[in-house]
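Novice: File name model_15.txt; file contents compact mmCIF, C-alpha atoms; full text below.
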```
# COMPACT_ATOMS: atom_id res chain seq x y z
CA MET A 1 -7.96 -25.72 -41.78
CA VAL A 2 -6.82 -29.31 -41.22
CA SER A 3 -8.69 -30.56 -44.30
CA GLU A 4 -7.13 -27.81 -46.42
CA LEU A 5 -3.66 -28.73 -45.17
CA GLN A 6 -4.29 -32.39 -45.89
CA ARG A 7 -5.32 -31.63 -49.46
CA LEU A 8 -2.20 -29.49 -49.84
CA VAL A 9 0.03 -32.28 -48.48
CA ASP A 10 -1.58 -34.89 -50.72
CA ALA A 11 -1.16 -32.68 -53.80
CA PHE A 12 2.48 -31.82 -53.17
CA GLY A 13 3.28 -35.36 -52.11
CA ALA A 14 2.02 -36.56 -55.48
CA ARG A 15 4.02 -33.89 -57.34
CA LEU A 16 7.17 -34.68 -55.38
CA GLY A 17 6.68 -38.43 -55.43
CA ARG A 18 7.68 -38.66 -51.78
CA SER A 19 6.35 -38.30 -48.24
CA ILE A 20 5.75 -34.80 -46.87
CA ALA A 21 4.57 -33.56 -43.47
CA VAL A 22 3.40 -30.25 -42.00
CA ASP A 23 3.98 -29.41 -38.31
CA ASP A 24 2.96 -26.36 -36.34
CA ALA A 25 5.60 -24.18 -34.67
CA ARG A 26 5.75 -26.58 -31.69
CA LEU A 27 6.29 -29.59 -33.97
CA ARG A 28 2.77 -30.92 -33.49
CA LEU A 29 1.82 -32.86 -36.61
CA LEU A 30 -0.96 -31.20 -38.61
CA ALA A 31 -0.98 -33.20 -41.88
CA TYR A 32 1.05 -35.89 -43.67
CA ASN A 33 0.74 -38.29 -46.61
CA ALA A 34 1.63 -41.96 -46.98
CA HIS A 35 5.30 -42.79 -46.50
CA THR A 36 7.13 -43.95 -49.62
CA GLY A 37 10.33 -45.02 -47.82
CA ASP A 38 11.58 -46.07 -44.39
CA VAL A 39 10.74 -44.04 -41.30
CA ASP A 40 12.53 -43.60 -37.99
CA ASP A 41 11.28 -43.54 -34.40
CA ALA A 42 10.85 -39.77 -34.37
CA ARG A 43 8.48 -39.90 -37.34
CA ILE A 44 6.55 -42.80 -35.81
CA GLU A 45 6.16 -40.88 -32.54
CA SER A 46 4.97 -37.82 -34.44
CA VAL A 47 2.34 -39.80 -36.35
CA MET A 48 1.17 -41.82 -33.35
CA HIS A 49 0.97 -38.94 -30.87
CA ARG A 50 0.63 -35.94 -33.20
CA GLY A 51 3.63 -34.46 -31.47
CA VAL A 52 7.18 -35.15 -30.29
CA SER A 53 9.10 -34.98 -27.02
CA THR A 54 10.16 -31.67 -25.51
CA ALA A 55 13.77 -32.80 -25.91
CA LEU A 56 13.28 -33.17 -29.67
CA VAL A 57 11.59 -29.77 -29.87
CA ALA A 58 14.57 -28.26 -28.05
CA HIS A 59 16.97 -30.04 -30.41
CA VAL A 60 15.26 -28.69 -33.51
CA SER A 61 15.35 -25.20 -32.01
CA GLU A 62 19.05 -25.56 -31.17
CA GLN A 63 19.73 -26.44 -34.81
CA GLY A 64 18.40 -23.01 -35.80
CA ALA A 65 15.16 -24.15 -37.42
CA ALA A 66 13.08 -21.38 -35.82
CA GLN A 67 15.45 -18.72 -37.16
CA ALA A 68 15.72 -20.17 -40.68
CA SER A 69 14.27 -18.17 -43.57
CA ASP A 70 14.62 -20.82 -46.28
CA VAL A 71 15.27 -24.52 -46.81
CA PHE A 72 17.55 -26.09 -44.17
CA THR A 73 18.82 -29.56 -43.27
CA LEU A 74 18.22 -31.24 -39.93
CA PRO A 75 20.98 -33.83 -39.36
CA PRO A 76 20.35 -37.20 -37.68
CA CYS A 77 20.28 -37.41 -33.87
CA PRO A 78 19.92 -41.12 -32.94
CA ARG A 79 19.49 -40.48 -29.20
CA LEU A 80 16.24 -38.63 -30.00
CA GLY A 81 15.02 -41.16 -32.55
CA ILE A 82 16.13 -39.16 -35.62
CA THR A 83 18.17 -41.63 -37.65
CA MET A 84 17.35 -40.09 -41.00
CA GLU A 85 18.18 -36.65 -42.29
CA ARG A 86 15.33 -34.17 -42.76
CA VAL A 87 15.01 -31.29 -45.16
CA GLY A 88 12.70 -28.62 -43.86
CA ILE A 89 11.47 -25.12 -44.51
CA PRO A 90 9.76 -22.76 -42.06
CA ILE A 91 6.19 -21.68 -42.75
CA ARG A 92 6.02 -17.94 -42.21
CA TYR A 93 3.39 -15.26 -42.66
CA ASP A 94 4.59 -11.67 -42.23
CA ASP A 95 7.74 -13.13 -40.64
CA ALA A 96 5.70 -14.89 -37.96
CA LEU A 97 6.67 -18.58 -37.61
CA LEU A 98 3.57 -20.76 -38.04
CA GLY A 99 5.16 -24.16 -38.60
CA TYR A 100 7.37 -26.30 -40.85
CA VAL A 101 7.15 -28.44 -43.99
CA TRP A 102 9.35 -31.55 -43.89
CA LEU A 103 10.80 -34.07 -46.33
CA ILE A 104 12.52 -37.21 -45.03
CA GLY A 105 15.86 -38.40 -46.34
CA SER A 106 14.85 -42.04 -46.79
CA ASP A 107 12.92 -41.03 -49.92
CA GLY A 108 16.18 -40.13 -51.66
CA PRO A 109 18.21 -36.97 -52.35
CA VAL A 110 16.40 -33.63 -52.48
CA GLY A 111 17.02 -31.94 -55.83
CA ASP A 112 16.49 -28.39 -57.08
CA ARG A 113 12.95 -29.17 -58.29
CA ASP A 114 12.10 -30.63 -54.87
CA VAL A 115 13.36 -27.46 -53.17
CA GLU A 116 11.21 -25.24 -55.39
CA LEU A 117 8.13 -27.36 -54.69
CA LEU A 118 8.95 -27.29 -50.99
CA ARG A 119 9.02 -23.48 -51.07
CA GLU A 120 5.73 -23.41 -52.94
CA ALA A 121 4.16 -25.79 -50.40
CA ALA A 122 5.38 -23.61 -47.50
CA ALA A 123 3.94 -20.47 -49.11
CA GLN A 124 0.52 -22.06 -49.57
CA ALA A 125 0.58 -23.59 -46.10
CA ALA A 126 1.33 -20.13 -44.65
CA VAL A 127 -1.89 -18.74 -46.10
CA VAL A 128 -3.92 -21.69 -44.78
CA LEU A 129 -2.40 -21.53 -41.28
CA HIS A 130 -2.71 -17.75 -41.06
CA ARG A 131 -6.36 -17.88 -42.04
CA GLY A 132 -6.95 -20.70 -39.59
CA ARG A 133 -5.18 -18.86 -36.80
CA LEU A 134 -7.32 -15.77 -37.41
CA GLY A 135 -10.42 -17.93 -37.26
CA VAL A 136 -9.29 -19.59 -34.03
CA ASP A 137 -8.40 -16.23 -32.47
CA VAL A 138 -11.79 -14.78 -33.39
CA THR A 139 -13.59 -17.86 -32.06
CA ARG A 140 -11.65 -17.84 -28.79
CA SER A 141 -12.17 -14.11 -28.35
CA HIS A 142 -15.92 -14.53 -28.81
CA ALA A 143 -15.98 -17.48 -26.39
CA ARG A 144 -14.14 -15.39 -23.77
CA GLU A 145 -16.71 -12.61 -24.18
CA LEU A 146 -19.48 -15.11 -23.58
CA VAL A 147 -17.74 -16.44 -20.46
CA ARG A 148 -17.46 -12.86 -19.15
CA ASP A 149 -21.21 -12.49 -19.71
CA LEU A 150 -21.80 -15.84 -18.02
CA ILE A 151 -20.38 -14.50 -14.74
CA ALA A 152 -21.89 -11.02 -15.05
CA PRO A 153 -24.31 -9.70 -12.39
CA ASP A 154 -27.13 -9.38 -14.94
CA GLN A 155 -29.30 -12.53 -14.98
CA ALA A 156 -30.59 -11.91 -18.50
CA LEU A 157 -27.04 -11.55 -19.80
CA ARG A 158 -26.01 -14.79 -18.10
CA THR A 159 -28.93 -16.67 -19.61
CA GLU A 160 -28.17 -15.32 -23.07
CA ALA A 161 -24.50 -16.26 -22.76
CA GLY A 162 -25.29 -19.78 -21.58
CA VAL A 163 -27.57 -20.41 -24.54
CA ALA A 164 -25.03 -18.98 -27.00
CA LEU A 165 -22.15 -21.06 -25.60
CA VAL A 166 -24.10 -24.27 -26.16
CA GLU A 167 -25.63 -23.30 -29.51
CA GLU A 168 -22.25 -22.23 -30.91
CA GLU A 169 -20.68 -25.45 -29.56
CA HIS A 170 -18.18 -23.74 -27.29
CA ALA A 171 -19.66 -25.74 -24.41
CA VAL A 172 -21.98 -28.62 -23.68
CA ALA A 173 -24.94 -28.45 -21.33
CA GLY A 174 -24.51 -29.95 -17.87
CA PRO A 175 -23.46 -29.33 -14.26
CA VAL A 176 -20.56 -26.93 -13.76
CA ALA A 177 -17.81 -26.27 -11.22
CA VAL A 178 -15.43 -23.32 -11.41
CA LEU A 179 -11.76 -23.16 -10.41
CA VAL A 180 -10.04 -19.83 -9.70
CA ALA A 181 -6.24 -19.48 -9.67
CA MET A 182 -4.33 -16.63 -7.99
CA VAL A 183 -0.59 -16.02 -7.96
CA GLY A 184 1.06 -13.60 -5.56
CA GLY A 185 0.02 -9.96 -5.19
CA GLU A 186 -2.99 -8.52 -3.44
CA GLU A 187 -6.66 -8.89 -4.29
CA GLY A 188 -7.62 -6.56 -7.11
CA GLU A 189 -3.99 -5.69 -7.89
CA PRO A 190 -3.34 -6.38 -11.61
CA LEU A 191 -0.66 -8.95 -12.35
CA ALA A 192 2.46 -8.05 -14.28
CA GLU A 193 2.07 -8.84 -17.98
CA GLU A 194 4.57 -11.70 -17.97
CA ARG A 195 2.89 -13.36 -14.99
CA ARG A 196 -0.59 -12.83 -16.43
CA LEU A 197 0.39 -14.47 -19.72
CA ALA A 198 1.96 -17.41 -17.88
CA LEU A 199 -1.21 -17.80 -15.81
CA GLU A 200 -3.32 -17.74 -18.97
CA LEU A 201 -1.10 -20.37 -20.61
CA VAL A 202 -1.24 -22.77 -17.66
CA VAL A 203 -5.01 -22.48 -17.24
CA ASP A 204 -5.48 -23.13 -20.96
CA ARG A 205 -3.29 -26.23 -20.72
CA CYS A 206 -5.48 -27.56 -17.94
CA ARG A 207 -8.56 -26.76 -20.02
CA ARG A 208 -7.15 -28.96 -22.77
CA ARG A 209 -7.04 -31.90 -20.35
CA LEU A 210 -10.82 -31.94 -20.45
CA PRO A 211 -12.83 -33.39 -23.35
CA PRO A 212 -13.84 -30.91 -26.10
CA SER A 213 -16.42 -28.31 -25.03
CA ARG A 214 -16.08 -29.36 -21.36
CA GLY A 215 -13.85 -26.48 -20.28
CA LEU A 216 -13.85 -22.69 -20.67
CA ALA A 217 -11.08 -20.37 -19.50
CA LEU A 218 -10.90 -16.65 -18.81
CA THR A 219 -8.08 -14.49 -17.46
CA ARG A 220 -8.96 -11.48 -15.31
CA PRO A 221 -6.56 -8.71 -14.16
CA ASP A 222 -5.64 -10.45 -10.88
CA HIS A 223 -6.73 -14.07 -11.37
CA ALA A 224 -7.86 -16.68 -13.89
CA LEU A 225 -10.84 -18.99 -13.92
CA LEU A 226 -11.43 -22.42 -15.42
CA LEU A 227 -15.07 -23.37 -15.85
CA THR A 228 -15.50 -27.14 -16.01
CA ILE A 229 -18.59 -28.97 -17.26
CA TRP A 230 -19.50 -32.52 -16.21
CA PRO A 231 -22.55 -33.85 -18.12
CA GLY A 232 -24.43 -36.52 -16.20
CA ALA A 233 -22.05 -36.53 -13.22
CA ARG A 234 -23.18 -36.45 -9.60
CA SER A 235 -22.05 -33.71 -7.24
CA GLN A 236 -19.60 -35.93 -5.36
CA VAL A 237 -17.93 -37.02 -8.59
CA ILE A 238 -17.72 -33.42 -9.80
CA GLU A 239 -16.18 -32.28 -6.52
CA ARG A 240 -13.57 -35.03 -6.64
CA ASN A 241 -12.68 -34.42 -10.30
CA ALA A 242 -12.54 -30.65 -9.82
CA ALA A 243 -10.26 -31.05 -6.78
CA GLU A 244 -7.90 -33.30 -8.76
CA LEU A 245 -7.79 -30.81 -11.63
CA ALA A 246 -7.13 -27.99 -9.15
CA GLU A 247 -4.07 -29.86 -7.83
CA VAL A 248 -2.77 -30.26 -11.38
CA LEU A 249 -3.36 -26.56 -12.01
CA ARG A 250 -1.43 -25.60 -8.86
CA GLU A 251 1.49 -27.87 -9.74
CA LYS A 252 1.72 -26.49 -13.28
CA LEU A 253 1.55 -22.92 -12.03
CA GLU A 254 4.42 -23.51 -9.62
CA ALA A 255 6.51 -25.11 -12.38
CA GLU A 256 5.71 -22.48 -15.02
CA LEU A 257 6.19 -19.44 -12.81
CA GLY A 258 8.97 -20.80 -10.64
CA LEU A 259 6.90 -20.03 -7.57
CA GLY A 260 6.99 -21.64 -4.17
CA ARG A 261 3.81 -23.07 -2.70
CA ALA A 262 3.38 -19.88 -0.68
CA ALA A 263 2.65 -17.79 -3.78
CA CYS A 264 -0.01 -19.82 -5.57
CA TRP A 265 -3.61 -20.63 -4.61
CA VAL A 266 -6.49 -22.40 -6.35
CA GLY A 267 -10.08 -22.14 -5.13
CA VAL A 268 -12.79 -24.63 -6.10
CA GLY A 269 -16.43 -23.61 -6.24
CA GLY A 270 -19.26 -25.98 -5.51
CA PRO A 271 -21.10 -27.74 -8.35
CA ARG A 272 -24.13 -26.09 -9.96
CA PRO A 273 -26.68 -27.97 -12.10
CA ARG A 274 -26.66 -25.59 -15.08
CA LEU A 275 -24.21 -23.50 -17.08
CA THR A 276 -26.23 -20.34 -16.37
CA GLU A 277 -25.57 -20.83 -12.63
CA ALA A 278 -21.79 -20.71 -13.05
CA LEU A 279 -21.62 -17.28 -11.36
CA SER A 280 -22.34 -18.79 -7.93
CA SER A 281 -19.60 -21.40 -8.32
CA TYR A 282 -17.20 -18.74 -9.61
CA GLU A 283 -17.85 -16.47 -6.62
CA GLU A 284 -17.27 -19.39 -4.25
CA ALA A 285 -14.04 -20.39 -5.99
CA ARG A 286 -12.73 -16.84 -5.95
CA ARG A 287 -13.61 -16.43 -2.29
CA ALA A 288 -11.89 -19.72 -1.43
CA ALA A 289 -8.69 -18.74 -3.26
CA GLU A 290 -8.64 -15.29 -1.69
CA VAL A 291 -9.27 -16.54 1.86
CA ALA A 292 -6.54 -19.17 1.40
CA ARG A 293 -4.16 -16.43 0.22
CA ILE A 294 -4.94 -14.10 3.13
CA THR A 295 -4.99 -16.61 5.98
CA GLY A 296 -2.12 -18.81 4.84
CA THR A 297 -3.47 -21.64 6.99
CA LEU A 298 -5.96 -23.44 4.76
CA GLY A 299 -3.58 -24.85 2.16
CA HIS A 300 -3.06 -23.94 -1.48
CA VAL A 301 -5.97 -25.80 -3.04
CA VAL A 302 -9.16 -25.01 -1.14
CA ALA A 303 -12.75 -25.93 -1.87
CA HIS A 304 -15.38 -23.43 -0.79
CA LYS A 305 -17.06 -26.00 1.42
CA GLN A 306 -13.81 -26.25 3.43
CA LEU A 307 -13.87 -22.57 4.43
CA GLY A 308 -16.07 -23.04 7.49
CA VAL A 309 -16.78 -19.68 9.17
CA TYR A 310 -14.56 -17.95 6.59
CA ALA A 311 -17.26 -18.64 3.97
CA LEU A 312 -19.63 -16.36 5.90
CA LEU A 313 -17.04 -13.76 6.85
CA GLY A 314 -15.76 -13.59 3.29
CA LYS A 315 -19.11 -12.19 2.14
CA LEU A 316 -18.80 -9.12 4.34
CA THR A 317 -17.31 -5.78 3.34
CA PRO A 318 -14.21 -4.46 5.19
CA ASP A 319 -16.38 -2.03 7.15
CA GLN A 320 -18.80 -4.79 8.14
CA LEU A 321 -15.89 -6.96 9.21
CA ALA A 322 -14.47 -4.16 11.36
CA GLU A 323 -17.85 -3.53 13.01
CA GLY A 324 -18.15 -7.24 13.87
CA ILE A 325 -14.98 -7.32 15.96
CA HIS A 326 -15.53 -7.07 19.72
CA PRO A 327 -14.62 -3.50 20.80
CA GLY A 328 -12.31 -4.76 23.52
CA LEU A 329 -10.40 -6.89 21.02
CA ARG A 330 -9.71 -4.10 18.52
CA PRO A 331 -6.96 -2.31 20.53
CA LEU A 332 -5.26 -5.63 21.19
CA LEU A 333 -5.22 -6.43 17.47
CA ALA A 334 -4.09 -2.96 16.47
CA ASN A 335 -1.11 -2.77 18.87
CA PRO A 336 2.05 -4.51 17.52
CA ALA A 337 3.32 -4.86 21.09
CA HIS A 338 0.51 -7.33 21.77
CA ARG A 339 1.17 -9.73 18.89
CA GLY A 340 2.31 -12.39 21.33
CA LEU A 341 -0.92 -12.12 23.30
CA VAL A 342 -2.97 -12.33 20.11
CA GLU A 343 -1.10 -15.45 19.09
CA THR A 344 -1.58 -17.01 22.51
CA LEU A 345 -5.31 -16.32 22.36
CA ARG A 346 -5.56 -17.73 18.83
CA VAL A 347 -3.78 -20.97 19.72
CA TYR A 348 -5.83 -21.38 22.90
CA LEU A 349 -9.13 -20.92 21.07
CA ASP A 350 -8.07 -23.04 18.07
CA HIS A 351 -7.46 -25.84 20.57
CA ALA A 352 -11.01 -25.46 21.91
CA GLY A 353 -9.81 -24.04 25.24
CA ASP A 354 -7.63 -27.05 26.04
CA ALA A 355 -4.90 -25.38 28.12
CA GLN A 356 -2.46 -28.30 28.04
CA ARG A 357 -2.58 -28.71 24.26
CA ALA A 358 -2.34 -24.95 23.75
CA ALA A 359 0.67 -24.65 26.07
CA THR A 360 2.38 -27.52 24.24
CA ALA A 361 1.73 -25.87 20.86
CA LEU A 362 3.15 -22.57 22.16
CA HIS A 363 6.12 -24.29 23.86
CA VAL A 364 5.36 -22.64 27.19
CA HIS A 365 4.43 -23.84 30.67
CA ARG A 366 0.73 -24.00 31.42
CA SER A 367 1.09 -21.39 34.17
CA THR A 368 2.62 -19.01 31.59
CA LEU A 369 -0.35 -19.62 29.32
CA TYR A 370 -2.78 -18.76 32.12
CA LYS A 371 -0.90 -15.53 32.88
CA ARG A 372 -1.08 -14.46 29.24
CA LEU A 373 -4.79 -15.29 28.98
CA HIS A 374 -5.48 -13.35 32.17
CA ARG A 375 -3.66 -10.37 30.64
CA VAL A 376 -5.87 -10.71 27.53
CA GLU A 377 -8.95 -10.58 29.75
CA GLN A 378 -7.66 -7.46 31.48
CA LEU A 379 -6.97 -5.65 28.19
CA THR A 380 -10.16 -6.66 26.35
CA GLY A 381 -12.80 -6.97 29.05
CA LEU A 382 -13.61 -10.46 27.78
CA ARG A 383 -14.12 -13.40 30.09
CA LEU A 384 -12.75 -16.52 28.45
CA ASP A 385 -14.69 -18.81 30.75
CA VAL A 386 -17.94 -17.41 29.32
CA GLY A 387 -19.17 -19.09 26.14
CA ASP A 388 -20.40 -15.95 24.38
CA ASP A 389 -17.19 -14.03 25.13
CA ARG A 390 -15.06 -16.92 23.93
CA LEU A 391 -17.09 -17.08 20.71
CA ALA A 392 -16.74 -13.31 20.23
CA ALA A 393 -12.99 -13.55 20.68
CA HIS A 394 -12.61 -16.45 18.24
CA LEU A 395 -14.77 -14.80 15.59
CA GLY A 396 -12.88 -11.55 16.11
CA LEU A 397 -9.57 -13.25 15.38
CA LYS A 398 -10.93 -14.95 12.27
CA THR A 399 -12.41 -11.65 11.11
CA ALA A 400 -9.12 -9.83 11.63
CA GLU A 401 -7.39 -12.25 9.26
CA LEU A 402 -9.69 -11.08 6.45
CA HIS A 403 -9.62 -7.38 7.33
CA PRO A 404 -7.10 -5.36 5.28
CA ARG A 405 -6.59 -2.69 7.94
CA LEU A 406 -6.10 -4.88 11.00
CA PRO A 407 -3.02 -7.05 11.60
CA ALA A 408 -3.82 -10.74 11.64
CA SER A 409 -1.97 -13.14 13.90
CA THR A 410 1.71 -13.35 13.02
CA HIS A 411 2.15 -16.92 14.30
CA ALA A 412 5.36 -15.65 15.89
CA PRO A 413 4.97 -14.45 19.47
CA ASP A 414 7.30 -11.68 20.57
CA VAL A 415 7.19 -9.53 23.72
CA VAL A 416 4.12 -10.52 25.71
CA PHE A 417 4.25 -8.36 28.82
```
Let's see the structure in the file written out as structure tokens.

Specialist:
Amino acid sequence: MVSELQRLVDAFGARLGRSIAVDDARLRLLAYNAHTGDVDDARIESVMHRGVSTALVAHVSEQGAAQASDVFTLPPCPRLGITMERVGIPIRYDDALLGYVWLIGSDGPVGDRDVELLREAAAQAAVVLHRGRLGVDVTRSHARELVRDLIAPDQALRTEAGVALVEEEHAVAGPVAVLVAMVGGEEGEPLAEERRLALELVVDRCRRRLPPSRGLALTRPDHALLLTIWPGARSQVIERNAAELAEVLREKLEAELGLGRAACWVGVGGPRPRLTEALSSYEEARRAAEVARITGTLGHVVAHKQLGVYALLGKLTPDQLAEGIHPGLRPLLANPAHRGLVETLRVYLDHAGDAQRAATALHVHRSTLYKRLHRVEQLTGLRLDVGDDRLAAHLGLKTAELHPRLPASTHAPDVVF
């Protein structure tokens, strides 16, 4: 597509006897010929960076360029580097805006013949861009299908997809690490269309930060994944790079969706040596994001290796989780009147049984802490001075955080007795 556009620009530039440029709808430069006259800072920026500032994009939009149906004039705007008038025309295919063709005022006045040639150039560019967009859409759609197969349960399907991704140059061979992003909602609950599209856009932007063929993205009903590939890199380097990219992804999600930190989570799966082993990293990343969402205590970017006991508990079904909770602890967890006792027990166990530190964290006197713990022992039948019972209690609390039918700790003690 780019070579076709360049030939088109060269041909019309010769016929016009002046410089001509083609941008996409976001003013990213696609093709241009040699300049015959002076240029301004905006043109230099466009050529050097193949794009312009967001402020300039907004300015062009404010001038009505995106709504234009024929040739229009873009006046100078020195504060944005536009010191020379532009004459432009939108490139449209079936009324869809695909880009713009531009002439610069330093080459002299634009006459009637120039306008006709400009219209002809826009019409031909529309066909080229439309065909290219169809090709890109088809290619991306096929790549997404292969990524879906790459994380499918069927081993043969995963192997086939891995080979196809490399052979068709969608991906390079090498170690992989998967990131999973979640925004709001509950696990398995489909996102609203607007939020899903925003999630897809942000993940794709992060994919573009990677070198070509080093990133693959896929949006699912309730989350999105970014598969990263790191040829020749060691595990520690991959983990560090993946964690940094996950932070960028979280920041961009918050900015794009207008969400607070409490509504956005990114999980990072451990590295795997081959593309065909991406499923394991994906499952880890998804589990990390989901556990972070449920518990609310692990942060908003969580690597699977940071989950601790949650990594094991996260593999269990809800029924298995429920069965693993000490029978004496279940009534305590299920009764809203005992939330304060549950919180006291959680803080005490999280502080490794250090009564002074636990009392300080709860803002109570140590004697009050002992009274509450004694009440817990009475209600549950557990003895907190016995190692096995203390372990059962701690695991029960962690399990309850992941169980959808049992209230986890509220972190806000209310009536205790």

Novice: Between atom CA of Asp112 of chain A and atom CA of Val87 of chain A, what distance in Å does the model show, to one decimal?

Specialist: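 According to the coordinates, atom CA of Asp112 of chain A and atom CA of Val87 of chain A are separated by 12.4 Å.
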
Novice: Using atom CA of Val237 of chain A and atom CA of Gly270 of chain A as the two end points, give the distance in Å to one decimal.

Specialist: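 Between these atoms lies a distance of 11.5 Å.
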
Novice: Quote the spacing between atom CA of Ala292 of chain A and atom CA of Arg330 of chain A in Å to one decimal place.

Specialist: 23.0 Å

Novice: Identify, on the basis of all atoms listed in the file, every residue whose closest approach to Asp95 of chain A does not exceed 12 Å; exclude the query and any residue fewer than 5 positions from it along the same chain; express the result as a PyMOL selection string.

Specialist: chain A and resi 66-70+90+123+126+130

Novice: For each of A:Leu329, A:Leu227, A:Cys206, A:Ala263, take the minimum atom-to-atom distance to Glu247 of chain A, counting all atoms listed in the file, then give the residue where this is smallest.

Specialist: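 Ranking A:Leu329, A:Leu227, A:Cys206, A:Ala263 by distance to Glu247 of chain A, first place goes to A:Cys206.
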
Novice: For Asp41 of chain A, work out the shell of residues within 8 Å, counting only C-alpha atoms and skipping chain neighbours fewer than 3 positions away, then give it as a ChimeraX atom specification.

Specialist: /A:44-45,81-83
